[in-house]
Every structure is written in structure tokens, then in C-alpha cells.
file my_file-v2.tsv (TSV, N, CA and C atoms)
chain	number	residue	atom	x	y	z
A	1	MET	N	-12.22	-24.25	-22.41
A	1	MET	CA	-11.97	-23.11	-21.55
A	1	MET	C	-11.99	-21.85	-22.42
A	2	ASN	N	-12.79	-20.86	-22.01
A	2	ASN	CA	-12.83	-19.63	-22.79
A	2	ASN	C	-11.64	-18.74	-22.42
A	3	VAL	N	-11.45	-17.69	-23.17
A	3	VAL	CA	-10.30	-16.81	-23.00
A	3	VAL	C	-10.30	-16.15	-21.62
A	4	LEU	N	-11.45	-15.69	-21.17
A	4	LEU	CA	-11.53	-15.04	-19.87
A	4	LEU	C	-11.15	-15.99	-18.74
A	5	SER	N	-11.60	-17.22	-18.81
A	5	SER	CA	-11.23	-18.23	-17.80
A	5	SER	C	-9.74	-18.49	-17.81
A	6	ALA	N	-9.16	-18.55	-19.01
A	6	ALA	CA	-7.72	-18.79	-19.12
A	6	ALA	C	-6.94	-17.63	-18.53
A	7	ILE	N	-7.37	-16.41	-18.78
A	7	ILE	CA	-6.69	-15.23	-18.22
A	7	ILE	C	-6.80	-15.23	-16.70
A	8	ASN	N	-7.98	-15.51	-16.17
A	8	ASN	CA	-8.16	-15.56	-14.71
A	8	ASN	C	-7.29	-16.64	-14.09
A	9	GLN	N	-7.22	-17.79	-14.72
A	9	GLN	CA	-6.38	-18.88	-14.20
A	9	GLN	C	-4.91	-18.47	-14.21
A	10	PHE	N	-4.47	-17.83	-15.27
A	10	PHE	CA	-3.08	-17.36	-15.37
A	10	PHE	C	-2.79	-16.34	-14.26
A	11	ASN	N	-3.68	-15.37	-14.06
A	11	ASN	CA	-3.48	-14.33	-13.05
A	11	ASN	C	-3.48	-14.89	-11.63
A	12	GLN	N	-4.29	-15.88	-11.37
A	12	GLN	CA	-4.31	-16.49	-10.04
A	12	GLN	C	-3.02	-17.24	-9.77
A	13	ALA	N	-2.44	-17.84	-10.78
A	13	ALA	CA	-1.19	-18.58	-10.60
A	13	ALA	C	0.01	-17.65	-10.50
A	14	ARG	N	-0.08	-16.46	-11.08
A	14	ARG	CA	1.02	-15.49	-11.10
A	14	ARG	C	0.50	-14.11	-10.72
A	15	PRO	N	0.13	-13.91	-9.46
A	15	PRO	CA	-0.44	-12.62	-9.08
A	15	PRO	C	0.57	-11.49	-9.30
A	16	TRP	N	0.08	-10.40	-9.84
A	16	TRP	CA	0.93	-9.24	-10.08
A	16	TRP	C	0.04	-8.01	-9.98
A	17	SER	N	0.56	-6.99	-9.37
A	17	SER	CA	-0.19	-5.75	-9.22
A	17	SER	C	0.62	-4.62	-9.83
A	18	HIS	N	0.01	-3.87	-10.72
A	18	HIS	CA	0.73	-2.73	-11.29
A	18	HIS	C	1.08	-1.72	-10.21
A	19	ASN	N	0.30	-1.66	-9.14
A	19	ASN	CA	0.63	-0.76	-8.03
A	19	ASN	C	1.90	-1.23	-7.31
A	20	ASN	N	1.96	-2.51	-6.99
A	20	ASN	CA	3.13	-3.06	-6.29
A	20	ASN	C	4.40	-2.95	-7.12
A	21	HIS	N	4.26	-2.88	-8.41
A	21	HIS	CA	5.41	-2.73	-9.30
A	21	HIS	C	6.24	-1.48	-8.94
A	22	TYR	N	5.59	-0.45	-8.42
A	22	TYR	CA	6.27	0.81	-8.10
A	22	TYR	C	6.87	0.85	-6.69
A	23	HIS	N	6.54	-0.11	-5.85
A	23	HIS	CA	7.03	-0.08	-4.47
A	23	HIS	C	8.55	-0.03	-4.36
A	24	PRO	N	9.30	-0.86	-5.06
A	24	PRO	CA	10.77	-0.77	-4.94
A	24	PRO	C	11.31	0.61	-5.33
A	25	ARG	N	10.74	1.19	-6.35
A	25	ARG	CA	11.18	2.53	-6.78
A	25	ARG	C	10.89	3.57	-5.70
A	26	ILE	N	9.72	3.49	-5.10
A	26	ILE	CA	9.38	4.42	-4.01
A	26	ILE	C	10.32	4.23	-2.84
A	27	LEU	N	10.53	2.99	-2.44
A	27	LEU	CA	11.36	2.70	-1.27
A	27	LEU	C	12.81	3.14	-1.48
A	28	ARG	N	13.30	3.08	-2.70
A	28	ARG	CA	14.66	3.55	-2.98
A	28	ARG	C	14.82	5.05	-2.73
A	29	GLN	N	13.73	5.80	-2.80
A	29	GLN	CA	13.78	7.24	-2.61
A	29	GLN	C	13.76	7.64	-1.13
A	30	LEU	N	13.50	6.70	-0.25
A	30	LEU	CA	13.32	6.99	1.17
A	30	LEU	C	14.58	6.69	1.97
A	31	PRO	N	14.74	7.36	3.11
A	31	PRO	CA	15.88	7.03	3.98
A	31	PRO	C	15.75	5.61	4.54
A	32	ALA	N	16.85	5.08	5.02
A	32	ALA	CA	16.86	3.72	5.58
A	32	ALA	C	15.94	3.62	6.79
A	33	ARG	N	15.89	4.65	7.61
A	33	ARG	CA	15.01	4.70	8.80
A	33	ARG	C	14.31	6.05	8.82
A	34	PHE	N	13.08	6.07	9.29
A	34	PHE	CA	12.34	7.32	9.45
A	34	PHE	C	11.31	7.13	10.54
A	35	GLY	N	10.75	8.24	10.97
A	35	GLY	CA	9.79	8.22	12.08
A	35	GLY	C	8.42	7.74	11.65
A	36	ALA	N	7.54	8.67	11.34
A	36	ALA	CA	6.15	8.35	11.03
A	36	ALA	C	5.91	8.36	9.53
A	37	ALA	N	5.10	7.41	9.08
A	37	ALA	CA	4.74	7.32	7.66
A	37	ALA	C	3.22	7.20	7.53
A	38	LEU	N	2.72	7.71	6.41
A	38	LEU	CA	1.32	7.61	6.06
A	38	LEU	C	1.24	7.04	4.66
A	39	ASP	N	0.45	5.97	4.49
A	39	ASP	CA	0.21	5.41	3.16
A	39	ASP	C	-1.26	5.62	2.83
A	40	VAL	N	-1.52	6.52	1.90
A	40	VAL	CA	-2.89	6.86	1.50
A	40	VAL	C	-3.32	5.87	0.42
A	41	GLY	N	-4.48	5.28	0.61
A	41	GLY	CA	-4.96	4.25	-0.32
A	41	GLY	C	-4.19	2.96	-0.13
A	42	CYS	N	-4.02	2.56	1.12
A	42	CYS	CA	-3.13	1.45	1.49
A	42	CYS	C	-3.60	0.10	1.00
A	43	GLY	N	-4.86	-0.03	0.64
A	43	GLY	CA	-5.36	-1.32	0.17
A	43	GLY	C	-5.11	-2.42	1.19
A	44	ALA	N	-4.56	-3.53	0.74
A	44	ALA	CA	-4.30	-4.68	1.61
A	44	ALA	C	-2.99	-4.55	2.38
A	45	GLY	N	-2.35	-3.39	2.32
A	45	GLY	CA	-1.19	-3.13	3.17
A	45	GLY	C	0.16	-3.62	2.66
A	46	ASP	N	0.27	-3.87	1.36
A	46	ASP	CA	1.55	-4.35	0.83
A	46	ASP	C	2.68	-3.34	1.04
A	47	LEU	N	2.43	-2.07	0.72
A	47	LEU	CA	3.46	-1.05	0.93
A	47	LEU	C	3.59	-0.72	2.41
A	48	VAL	N	2.48	-0.73	3.14
A	48	VAL	CA	2.53	-0.48	4.59
A	48	VAL	C	3.50	-1.44	5.27
A	49	ARG	N	3.43	-2.71	4.90
A	49	ARG	CA	4.32	-3.72	5.49
A	49	ARG	C	5.78	-3.37	5.25
A	50	GLN	N	6.09	-2.93	4.06
A	50	GLN	CA	7.47	-2.57	3.74
A	50	GLN	C	7.90	-1.27	4.43
A	51	LEU	N	6.99	-0.33	4.55
A	51	LEU	CA	7.30	0.90	5.28
A	51	LEU	C	7.51	0.60	6.76
A	52	ALA	N	6.71	-0.29	7.32
A	52	ALA	CA	6.79	-0.62	8.75
A	52	ALA	C	8.15	-1.19	9.13
A	53	ALA	N	8.82	-1.84	8.18
A	53	ALA	CA	10.14	-2.40	8.46
A	53	ALA	C	11.19	-1.30	8.64
A	54	ARG	N	10.87	-0.09	8.19
A	54	ARG	CA	11.83	1.01	8.25
A	54	ARG	C	11.35	2.19	9.09
A	55	ALA	N	10.11	2.16	9.56
A	55	ALA	CA	9.50	3.30	10.24
A	55	ALA	C	9.22	2.99	11.71
A	56	ASP	N	9.18	4.06	12.50
A	56	ASP	CA	8.74	3.91	13.89
A	56	ASP	C	7.25	3.60	13.95
A	57	SER	N	6.48	4.28	13.08
A	57	SER	CA	5.03	4.05	13.04
A	57	SER	C	4.51	4.33	11.65
A	58	VAL	N	3.44	3.61	11.29
A	58	VAL	CA	2.82	3.78	9.98
A	58	VAL	C	1.31	3.82	10.16
A	59	VAL	N	0.67	4.74	9.46
A	59	VAL	CA	-0.78	4.78	9.36
A	59	VAL	C	-1.13	4.46	7.92
A	60	GLY	N	-1.97	3.47	7.74
A	60	GLY	CA	-2.50	3.13	6.42
A	60	GLY	C	-3.96	3.53	6.37
A	61	VAL	N	-4.35	4.29	5.38
A	61	VAL	CA	-5.73	4.73	5.26
A	61	VAL	C	-6.29	4.30	3.91
A	62	ASP	N	-7.51	3.78	3.94
A	62	ASP	CA	-8.19	3.37	2.71
A	62	ASP	C	-9.69	3.50	2.93
A	63	ALA	N	-10.40	3.81	1.87
A	63	ALA	CA	-11.85	3.97	1.97
A	63	ALA	C	-12.59	2.64	2.02
A	64	ASP	N	-11.93	1.56	1.68
A	64	ASP	CA	-12.59	0.25	1.58
A	64	ASP	C	-12.27	-0.61	2.80
A	65	PRO	N	-13.22	-0.78	3.72
A	65	PRO	CA	-12.96	-1.59	4.91
A	65	PRO	C	-12.71	-3.07	4.58
A	66	ALA	N	-13.27	-3.57	3.50
A	66	ALA	CA	-13.08	-4.97	3.15
A	66	ALA	C	-11.64	-5.26	2.77
A	67	ILE	N	-10.98	-4.34	2.08
A	67	ILE	CA	-9.59	-4.57	1.68
A	67	ILE	C	-8.67	-4.39	2.87
A	68	ILE	N	-8.96	-3.44	3.76
A	68	ILE	CA	-8.13	-3.25	4.96
A	68	ILE	C	-8.18	-4.50	5.84
A	69	ALA	N	-9.28	-5.22	5.79
A	69	ALA	CA	-9.40	-6.45	6.59
A	69	ALA	C	-8.33	-7.48	6.22
A	70	HIS	N	-7.76	-7.36	5.02
A	70	HIS	CA	-6.72	-8.29	4.57
A	70	HIS	C	-5.31	-7.79	4.88
A	71	ALA	N	-5.20	-6.59	5.43
A	71	ALA	CA	-3.89	-5.98	5.67
A	71	ALA	C	-3.20	-6.64	6.86
A	72	PRO	N	-1.86	-6.72	6.81
A	72	PRO	CA	-1.12	-7.36	7.91
A	72	PRO	C	-1.19	-6.53	9.18
A	73	GLN	N	-1.41	-7.19	10.29
A	73	GLN	CA	-1.44	-6.52	11.59
A	73	GLN	C	-0.02	-6.54	12.16
A	74	LEU	N	0.56	-5.37	12.29
A	74	LEU	CA	1.92	-5.22	12.78
A	74	LEU	C	1.92	-4.27	13.97
A	75	PRO	N	2.85	-4.44	14.90
A	75	PRO	CA	2.82	-3.64	16.13
A	75	PRO	C	2.96	-2.14	15.91
A	76	ASN	N	3.63	-1.72	14.87
A	76	ASN	CA	3.84	-0.29	14.65
A	76	ASN	C	2.94	0.28	13.55
A	77	VAL	N	1.84	-0.43	13.23
A	77	VAL	CA	0.94	-0.02	12.16
A	77	VAL	C	-0.48	0.16	12.70
A	78	ARG	N	-1.13	1.22	12.22
A	78	ARG	CA	-2.54	1.45	12.52
A	78	ARG	C	-3.26	1.71	11.20
A	79	TYR	N	-4.39	1.06	11.02
A	79	TYR	CA	-5.19	1.24	9.81
A	79	TYR	C	-6.41	2.08	10.12
A	80	VAL	N	-6.76	2.93	9.18
A	80	VAL	CA	-7.93	3.80	9.32
A	80	VAL	C	-8.78	3.64	8.06
A	81	THR	N	-10.06	3.38	8.27
A	81	THR	CA	-10.99	3.33	7.14
A	81	THR	C	-11.55	4.73	6.97
A	82	GLY	N	-11.38	5.27	5.78
A	82	GLY	CA	-11.92	6.59	5.52
A	82	GLY	C	-11.10	7.34	4.49
A	83	ASP	N	-11.23	8.65	4.56
A	83	ASP	CA	-10.59	9.57	3.63
A	83	ASP	C	-9.38	10.20	4.30
A	84	ALA	N	-8.27	10.25	3.61
A	84	ALA	CA	-7.05	10.82	4.19
A	84	ALA	C	-7.25	12.28	4.59
A	85	LEU	N	-8.12	13.00	3.89
A	85	LEU	CA	-8.34	14.41	4.22
A	85	LEU	C	-9.08	14.60	5.53
A	86	SER	N	-9.71	13.54	6.02
A	86	SER	CA	-10.44	13.64	7.29
A	86	SER	C	-9.64	13.12	8.48
A	87	LEU	N	-8.37	12.73	8.25
A	87	LEU	CA	-7.52	12.28	9.36
A	87	LEU	C	-7.23	13.45	10.29
A	88	PRO	N	-7.05	13.17	11.57
A	88	PRO	CA	-6.64	14.25	12.48
A	88	PRO	C	-5.26	14.79	12.06
A	89	ASP	N	-5.02	16.04	12.38
A	89	ASP	CA	-3.72	16.64	12.06
A	89	ASP	C	-2.61	15.82	12.68
A	90	ALA	N	-1.60	15.54	11.89
A	90	ALA	CA	-0.43	14.81	12.36
A	90	ALA	C	0.73	15.16	11.45
A	91	ARG	N	1.91	14.87	11.93
A	91	ARG	CA	3.11	15.10	11.11
A	91	ARG	C	3.67	13.75	10.69
A	92	TYR	N	4.08	13.69	9.44
A	92	TYR	CA	4.64	12.47	8.89
A	92	TYR	C	5.98	12.79	8.23
A	93	ASP	N	6.92	11.90	8.37
A	93	ASP	CA	8.19	12.04	7.69
A	93	ASP	C	8.09	11.55	6.25
A	94	VAL	N	7.18	10.62	6.02
A	94	VAL	CA	6.98	10.02	4.70
A	94	VAL	C	5.48	9.91	4.44
A	95	ILE	N	5.06	10.33	3.26
A	95	ILE	CA	3.67	10.13	2.82
A	95	ILE	C	3.73	9.49	1.44
A	96	THR	N	3.06	8.36	1.30
A	96	THR	CA	2.99	7.69	0.01
A	96	THR	C	1.53	7.57	-0.42
A	97	CYS	N	1.33	7.59	-1.71
A	97	CYS	CA	0.00	7.30	-2.25
A	97	CYS	C	0.20	6.80	-3.68
A	98	VAL	N	0.02	5.53	-3.84
A	98	VAL	CA	0.21	4.88	-5.14
A	98	VAL	C	-1.18	4.65	-5.74
A	99	ALA	N	-1.38	5.15	-6.95
A	99	ALA	CA	-2.63	4.90	-7.68
A	99	ALA	C	-3.86	5.41	-6.94
A	100	VAL	N	-3.73	6.55	-6.28
A	100	VAL	CA	-4.86	7.10	-5.54
A	100	VAL	C	-5.54	8.21	-6.33
A	101	LEU	N	-4.79	9.10	-6.90
A	101	LEU	CA	-5.35	10.29	-7.52
A	101	LEU	C	-6.28	9.99	-8.68
A	102	HIS	N	-5.97	8.98	-9.47
A	102	HIS	CA	-6.84	8.69	-10.60
A	102	HIS	C	-8.11	7.94	-10.21
A	103	HIS	N	-8.19	7.47	-8.97
A	103	HIS	CA	-9.41	6.83	-8.51
A	103	HIS	C	-10.35	7.87	-7.97
call {"tool": "encode", "arguments": {"input": "my_file-v2.tsv", "output": "C-alpha cells"}}
result
Amino acid sequence: MNVLSAINQFNQARPWSHNNHYHPRILRQLPARFGAALDVGCGAGDLVRQLAARADSVVGVDADPAIIAHAPQLPNVRYVTGDALSLPDARYDVITCVAVLHH
């Protein structure tokens, strides 16, 4: 087994995302309950799912339709494929964007 195969096997057995690492820290900064939330660059919806547990409604936006296809479907969540700057005007109590600006 070469080194790359060993690393891939290790990562598959112990999935970890540097983005998800920040979710608890972000959530600690937010109120226990809030109205509307927007997660920019939502990816597969890991943070969206956690926001949805505390929000009346959540919009997750990501440019990649393939990754949004893996996001959890929840009654108070809507996913949008595209650019956050092209969303219709709306008001949000919480806006999150983890690892978006450097991409």
C-alpha cells in the first residue's frame, strides 16, 4: 500500500472537516433561538442542520449543485444553488459563511 492509499483509507475511516471544526465555536456565539438564518457556502448542509435546530427558517446557498444534493432535507430549510450576492433581498437574524472568502 502506498502512502496516498494509506492516507485515503485513514481519512475514510475517520472523516474530519476543517470547516466543521469551527461549527461549535460559531454556534456558541448565537442565541438559543432566532428567526431566519443564511448559510453561505453551505456545502452538504452540516452547519445548516445545526442552525435549523435553533432557527425558524434557514437558507443554505452554494454554487455546487452536486454537493447540495447531499444536504439534509428539513422542513424549515431551503437550499439555493448559486451565488449569495444574487439572492433576492431578505432579512436574516444570522448569517454564516465558513471557508467561503478564500475560495
call {"tool": "closest_residue", "arguments": {"input": "my_file-v2.tsv", "among": "A:Ser17, A:Arg54, A:Asp62, A:Leu74", "to": "Pro31 in chain A", "atoms": "all atoms listed in the file"}}
result
A:Arg54
call {"tool": "select_by_dssp", "arguments": {"input": "my_file-v2.tsv", "residues": "chain A", "states": "helix (DSSP H, G or I)", "output": "PyMOL selection string"}}
result
chain A and resi 3-13+20-28+46-52+65-68+84-86
call {"tool": "write_last_selection", "arguments": {"input": "my_file-v2.tsv", "atoms": "N, CA and C atoms", "output": "JSON list (two decimals), keeping the file's coordinate frame"}}
result
[["chain", "number", "residue", "atom", "x", "y", "z"],
["A", 3, "VAL", "N", -11.45, -17.69, -23.17],
["A", 3, "VAL", "CA", -10.30, -16.81, -23.00],
["A", 3, "VAL", "C", -10.30, -16.15, -21.62],
["A", 4, "LEU", "N", -11.45, -15.69, -21.17],
["A", 4, "LEU", "CA", -11.53, -15.04, -19.87],
["A", 4, "LEU", "C", -11.15, -15.99, -18.74],
["A", 5, "SER", "N", -11.60, -17.22, -18.81],
["A", 5, "SER", "CA", -11.23, -18.23, -17.80],
["A", 5, "SER", "C", -9.74, -18.49, -17.81],
["A", 6, "ALA", "N", -9.16, -18.55, -19.01],
["A", 6, "ALA", "CA", -7.72, -18.79, -19.12],
["A", 6, "ALA", "C", -6.94, -17.63, -18.53],
["A", 7, "ILE", "N", -7.37, -16.41, -18.78],
["A", 7, "ILE", "CA", -6.69, -15.23, -18.22],
["A", 7, "ILE", "C", -6.80, -15.23, -16.70],
["A", 8, "ASN", "N", -7.98, -15.51, -16.17],
["A", 8, "ASN", "CA", -8.16, -15.56, -14.71],
["A", 8, "ASN", "C", -7.29, -16.64, -14.09],
["A", 9, "GLN", "N", -7.22, -17.79, -14.72],
["A", 9, "GLN", "CA", -6.38, -18.88, -14.20],
["A", 9, "GLN", "C", -4.91, -18.47, -14.21],
["A", 10, "PHE", "N", -4.47, -17.83, -15.27],
["A", 10, "PHE", "CA", -3.08, -17.36, -15.37],
["A", 10, "PHE", "C", -2.79, -16.34, -14.26],
["A", 11, "ASN", "N", -3.68, -15.37, -14.06],
["A", 11, "ASN", "CA", -3.48, -14.33, -13.05],
["A", 11, "ASN", "C", -3.48, -14.89, -11.63],
["A", 12, "GLN", "N", -4.29, -15.88, -11.37],
["A", 12, "GLN", "CA", -4.31, -16.49, -10.04],
["A", 12, "GLN", "C", -3.02, -17.24, -9.77],
["A", 13, "ALA", "N", -2.44, -17.84, -10.78],
["A", 13, "ALA", "CA", -1.19, -18.58, -10.60],
["A", 13, "ALA", "C", 0.01, -17.65, -10.50],
["A", 20, "ASN", "N", 1.96, -2.51, -6.99],
["A", 20, "ASN", "CA", 3.13, -3.06, -6.29],
["A", 20, "ASN", "C", 4.40, -2.95, -7.12],
["A", 21, "HIS", "N", 4.26, -2.88, -8.41],
["A", 21, "HIS", "CA", 5.41, -2.73, -9.30],
["A", 21, "HIS", "C", 6.24, -1.48, -8.94],
["A", 22, "TYR", "N", 5.59, -0.45, -8.42],
["A", 22, "TYR", "CA", 6.27, 0.81, -8.10],
["A", 22, "TYR", "C", 6.87, 0.85, -6.69],
["A", 23, "HIS", "N", 6.54, -0.11, -5.85],
["A", 23, "HIS", "CA", 7.03, -0.08, -4.47],
["A", 23, "HIS", "C", 8.55, -0.03, -4.36],
["A", 24, "PRO", "N", 9.30, -0.86, -5.06],
["A", 24, "PRO", "CA", 10.77, -0.77, -4.94],
["A", 24, "PRO", "C", 11.31, 0.61, -5.33],
["A", 25, "ARG", "N", 10.74, 1.19, -6.35],
["A", 25, "ARG", "CA", 11.18, 2.53, -6.78],
["A", 25, "ARG", "C", 10.89, 3.57, -5.70],
["A", 26, "ILE", "N", 9.72, 3.49, -5.10],
["A", 26, "ILE", "CA", 9.38, 4.42, -4.01],
["A", 26, "ILE", "C", 10.32, 4.23, -2.84],
["A", 27, "LEU", "N", 10.53, 2.99, -2.44],
["A", 27, "LEU", "CA", 11.36, 2.70, -1.27],
["A", 27, "LEU", "C", 12.81, 3.14, -1.48],
["A", 28, "ARG", "N", 13.30, 3.08, -2.70],
["A", 28, "ARG", "CA", 14.66, 3.55, -2.98],
["A", 28, "ARG", "C", 14.82, 5.05, -2.73],
["A", 46, "ASP", "N", 0.27, -3.87, 1.36],
["A", 46, "ASP", "CA", 1.55, -4.35, 0.83],
["A", 46, "ASP", "C", 2.68, -3.34, 1.04],
["A", 47, "LEU", "N", 2.43, -2.07, 0.72],
["A", 47, "LEU", "CA", 3.46, -1.05, 0.93],
["A", 47, "LEU", "C", 3.59, -0.72, 2.41],
["A", 48, "VAL", "N", 2.48, -0.73, 3.14],
["A", 48, "VAL", "CA", 2.53, -0.48, 4.59],
["A", 48, "VAL", "C", 3.50, -1.44, 5.27],
["A", 49, "ARG", "N", 3.43, -2.71, 4.90],
["A", 49, "ARG", "CA", 4.32, -3.72, 5.49],
["A", 49, "ARG", "C", 5.78, -3.37, 5.25],
["A", 50, "GLN", "N", 6.09, -2.93, 4.06],
["A", 50, "GLN", "CA", 7.47, -2.57, 3.74],
["A", 50, "GLN", "C", 7.90, -1.27, 4.43],
["A", 51, "LEU", "N", 6.99, -0.33, 4.55],
["A", 51, "LEU", "CA", 7.30, 0.90, 5.28],
["A", 51, "LEU", "C", 7.51, 0.60, 6.76],
["A", 52, "ALA", "N", 6.71, -0.29, 7.32],
["A", 52, "ALA", "CA", 6.79, -0.62, 8.75],
["A", 52, "ALA", "C", 8.15, -1.19, 9.13],
["A", 65, "PRO", "N", -13.22, -0.78, 3.72],
["A", 65, "PRO", "CA", -12.96, -1.59, 4.91],
["A", 65, "PRO", "C", -12.71, -3.07, 4.58],
["A", 66, "ALA", "N", -13.27, -3.57, 3.50],
["A", 66, "ALA", "CA", -13.08, -4.97, 3.15],
["A", 66, "ALA", "C", -11.64, -5.26, 2.77],
["A", 67, "ILE", "N", -10.98, -4.34, 2.08],
["A", 67, "ILE", "CA", -9.59, -4.57, 1.68],
["A", 67, "ILE", "C", -8.67, -4.39, 2.87],
["A", 68, "ILE", "N", -8.96, -3.44, 3.76],
["A", 68, "ILE", "CA", -8.13, -3.25, 4.96],
["A", 68, "ILE", "C", -8.18, -4.50, 5.84],
["A", 84, "ALA", "N", -8.27, 10.25, 3.61],
["A", 84, "ALA", "CA", -7.05, 10.82, 4.19],
["A", 84, "ALA", "C", -7.25, 12.28, 4.59],
["A", 85, "LEU", "N", -8.12, 13.00, 3.89],
["A", 85, "LEU", "CA", -8.34, 14.41, 4.22],
["A", 85, "LEU", "C", -9.08, 14.60, 5.53],
["A", 86, "SER", "N", -9.71, 13.54, 6.02],
["A", 86, "SER", "CA", -10.44, 13.64, 7.29],
["A", 86, "SER", "C", -9.64, 13.12, 8.48]]
call {"tool": "closest_residue", "arguments": {"input": "my_file-v2.tsv", "among": "A:Ala44, A:Gln50, A:Leu85, A:Ile26", "to": "Ala66 in chain A", "atoms": "only N, CA and C atoms"}}
result
A:Ala44
call {"tool": "residues_around", "arguments": {"input": "my_file-v2.tsv", "residues": "Asp46 in chain A", "least_positions_apart": "6", "cutoff": "8 Å", "atoms": "only N, CA and C atoms", "output": "PDB file with N, CA and C atoms, in the frame of the given file"}}
result
ATOM      1  N   ASN A  20       1.960  -2.510  -6.990  1.00  0.00           N
ATOM      2  CA  ASN A  20       3.130  -3.060  -6.290  1.00  0.00           C
ATOM      3  C   ASN A  20       4.400  -2.950  -7.120  1.00  0.00           C
ATOM      4  N   HIS A  23       6.540  -0.110  -5.850  1.00  0.00           N
ATOM      5  CA  HIS A  23       7.030  -0.080  -4.470  1.00  0.00           C
ATOM      6  C   HIS A  23       8.550  -0.030  -4.360  1.00  0.00           C
ATOM      7  N   HIS A  70      -7.760  -7.360   5.020  1.00  0.00           N
ATOM      8  CA  HIS A  70      -6.720  -8.290   4.570  1.00  0.00           C
ATOM      9  C   HIS A  70      -5.310  -7.790   4.880  1.00  0.00           C
ATOM     10  N   ALA A  71      -5.200  -6.590   5.430  1.00  0.00           N
ATOM     11  CA  ALA A  71      -3.890  -5.980   5.670  1.00  0.00           C
ATOM     12  C   ALA A  71      -3.200  -6.640   6.860  1.00  0.00           C
ATOM     13  N   PRO A  72      -1.860  -6.720   6.810  1.00  0.00           N
ATOM     14  CA  PRO A  72      -1.120  -7.360   7.910  1.00  0.00           C
ATOM     15  C   PRO A  72      -1.190  -6.530   9.180  1.00  0.00           C
TER      16      PRO A  72
END
call {"tool": "axis_aligned_box", "arguments": {"input": "my_file-v2.tsv", "around": "range 21-29 of chain A", "padding_each_side": "5 Å", "output": "JSON"}}
result
{"center_x": 9.5, "center_y": 2.4, "center_z": -5.2, "size_x": 20.6, "size_y": 20.5, "size_z": 18.2}
call {"tool": "residues_around", "arguments": {"input": "my_file-v2.tsv", "residues": "range 37-42 of chain A", "least_positions_apart": "3", "cutoff": "10 Å", "atoms": "only C-alpha atoms", "output": "PyMOL selection string"}}
result
chain A and resi 34+45-49+51-52+54-64+67-68+71+77-85+90-101+103
call {"tool": "atom_distance", "arguments": {"input": "my_file-v2.tsv", "atom1": "atom N of Gly43 in chain A", "atom2": "atom N of Asn19 in chain A"}}
result
11.2 Å
call {"tool": "select_by_dssp", "arguments": {"input": "my_file-v2.tsv", "residues": "chain A", "states": "strand (DSSP E or B)", "output": "ChimeraX atom specification"}}
result
/A:34-40,55-62,77-81,94-97
call {"tool": "build_atoms", "arguments": {"input": "my_file-v2.tsv", "residues": "range 51-55 of chain A", "atoms": "all heavy atoms", "output": "compact mmCIF listing (two decimals), keeping the file's coordinate frame"}}
result
# COMPACT_ATOMS: atom_id res chain seq x y z
N LEU A 51 6.99 -0.33 4.55
CA LEU A 51 7.30 0.90 5.28
C LEU A 51 7.51 0.60 6.76
O LEU A 51 8.40 1.17 7.40
CB LEU A 51 6.15 1.92 5.12
CG LEU A 51 5.95 2.50 3.73
CD1 LEU A 51 4.65 3.29 3.67
CD2 LEU A 51 7.13 3.36 3.32
N ALA A 52 6.71 -0.29 7.32
CA ALA A 52 6.79 -0.62 8.75
C ALA A 52 8.15 -1.19 9.13
O ALA A 52 8.59 -1.04 10.27
CB ALA A 52 5.68 -1.59 9.13
N ALA A 53 8.82 -1.84 8.18
CA ALA A 53 10.14 -2.40 8.46
C ALA A 53 11.19 -1.30 8.64
O ALA A 53 12.24 -1.55 9.23
CB ALA A 53 10.56 -3.33 7.33
N ARG A 54 10.87 -0.09 8.19
CA ARG A 54 11.83 1.01 8.25
C ARG A 54 11.35 2.19 9.09
O ARG A 54 12.10 3.14 9.30
CB ARG A 54 12.12 1.50 6.83
CG ARG A 54 12.79 0.40 6.02
CD ARG A 54 12.78 0.65 4.54
NE ARG A 54 13.47 1.85 4.13
CZ ARG A 54 13.68 2.18 2.86
NH1 ARG A 54 13.27 1.38 1.90
NH2 ARG A 54 14.30 3.29 2.55
N ALA A 55 10.11 2.16 9.56
CA ALA A 55 9.50 3.30 10.24
C ALA A 55 9.22 2.99 11.71
O ALA A 55 9.03 1.85 12.09
CB ALA A 55 8.20 3.68 9.55
